[in-house]
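The next block is work_35.tsv, given as TSV, C-alpha atoms.
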chain	number	residue	atom	x	y	z
A	1	MET	CA	-131.72	-43.92	16.18
A	2	GLY	CA	-135.30	-43.83	14.89
A	3	GLN	CA	-134.18	-43.36	11.27
A	4	PHE	CA	-131.78	-46.30	11.57
A	5	LEU	CA	-134.54	-48.53	12.90
A	6	LYS	CA	-136.88	-47.56	10.04
A	7	THR	CA	-134.14	-48.25	7.50
A	8	ALA	CA	-133.35	-51.62	9.08
A	9	VAL	CA	-137.01	-52.66	9.08
A	10	LEU	CA	-137.48	-51.61	5.45
A	11	LEU	CA	-134.31	-53.46	4.45
A	12	PHE	CA	-135.50	-56.58	6.26
A	13	LEU	CA	-138.92	-56.40	4.62
A	14	ALA	CA	-137.36	-55.98	1.19
A	15	VAL	CA	-134.54	-58.52	1.43
A	16	GLY	CA	-136.19	-61.18	3.63
A	17	PRO	CA	-138.92	-62.30	1.21
A	18	ALA	CA	-136.50	-62.13	-1.73
A	19	MET	CA	-134.09	-64.46	0.06
A	20	ALA	CA	-136.93	-66.83	0.97
A	21	LEU	CA	-138.08	-67.02	-2.65
A	22	TRP	CA	-134.54	-67.58	-3.86
A	23	ALA	CA	-134.01	-70.40	-1.34
A	24	CYS	CA	-137.22	-72.18	-2.40
A	25	GLN	CA	-136.32	-72.36	-6.09
A	26	PRO	CA	-135.94	-75.97	-7.25
A	27	GLY	CA	-132.64	-77.19	-8.65
A	28	SER	CA	-132.00	-77.82	-12.31
A	29	GLU	CA	-133.69	-80.77	-14.00
A	30	ALA	CA	-130.33	-82.38	-14.84
A	31	ALA	CA	-129.18	-82.23	-11.22
A	32	ARG	CA	-132.41	-83.82	-9.99
A	33	LYS	CA	-132.15	-86.64	-12.55
A	34	GLU	CA	-128.54	-87.29	-11.55
A	35	THR	CA	-129.58	-87.51	-7.91
A	36	MET	CA	-132.38	-89.92	-8.79
A	37	LYS	CA	-129.95	-92.13	-10.74
A	38	SER	CA	-127.52	-92.38	-7.86
A	39	GLU	CA	-130.29	-93.18	-5.34
A	40	ALA	CA	-131.66	-95.93	-7.58
A	41	ALA	CA	-128.26	-97.62	-7.72
A	42	VAL	CA	-127.94	-97.58	-3.95
A	43	ARG	CA	-131.41	-99.01	-3.44
A	44	ARG	CA	-130.83	-101.81	-5.95
A	45	ASP	CA	-127.62	-102.92	-4.23
A	46	ALA	CA	-129.02	-102.74	-0.69
A	47	VAL	CA	-128.97	-106.00	1.26
A	48	ILE	CA	-132.28	-106.73	2.94
A	49	PRO	CA	-131.97	-108.61	6.25
A	50	PRO	CA	-133.73	-112.00	6.42
A	51	ILE	CA	-136.14	-110.81	9.09
A	52	ASP	CA	-137.38	-108.13	6.69
A	53	ARG	CA	-137.60	-110.44	3.67
A	54	GLU	CA	-139.88	-112.99	5.28
A	55	GLN	CA	-143.37	-112.19	6.44
A	56	PRO	CA	-144.37	-114.00	9.62
A	57	ALA	CA	-147.37	-116.32	9.52
A	58	ARG	CA	-149.01	-114.32	12.29
A	59	PHE	CA	-148.36	-110.81	13.43
A	60	GLU	CA	-149.97	-108.52	15.95
A	61	THR	CA	-149.92	-104.80	16.51
A	62	ALA	CA	-149.61	-103.09	19.83
A	63	THR	CA	-151.17	-99.83	20.89
A	64	LEU	CA	-150.02	-97.52	23.59
A	65	ALA	CA	-152.37	-95.20	25.41
A	66	LEU	CA	-151.09	-92.29	27.38
A	67	GLY	CA	-153.38	-90.80	29.89
Could you express the structure from this file as structure tokens?
Amino acid sequence: MGQFLKTAVLLFLAVGPAMALWACQPGSEAARKETMKSEAAVRRDAVIPPIDREQPARFETATLALG
């Protein structure tokens, strides 16, 4: 059982970081640009509610203290 445990730990130490590096690789430049194009179209066509379009003449902020 001791040999199996050593092998499992070594495999984890070898494969774990490699998988983490592979998962963190950014996508292709073309895929990112395509995503940006589609998001821009959605944002341009979004309907903004009237309450968000108009700024009130006076506004106040509230704070909450927990203690």
key: Two-atom distance - CA of Met19 in chain A, CA of Leu5 in chain A (Å)   =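 Separating CA of Met19 in chain A from CA of Leu5 in chain A is a distance of 20.5 Å.
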request  = Would you mind reading off the distance between CA of Phe4 in chain A and CA of Gly16 in chain A, one decimal, in Å?
outcome  = 17.4 Å
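The gap separating CA of Val15 in chain A from CA of Gly2 in chain A is 19.9 Å, in Å to one decimal.
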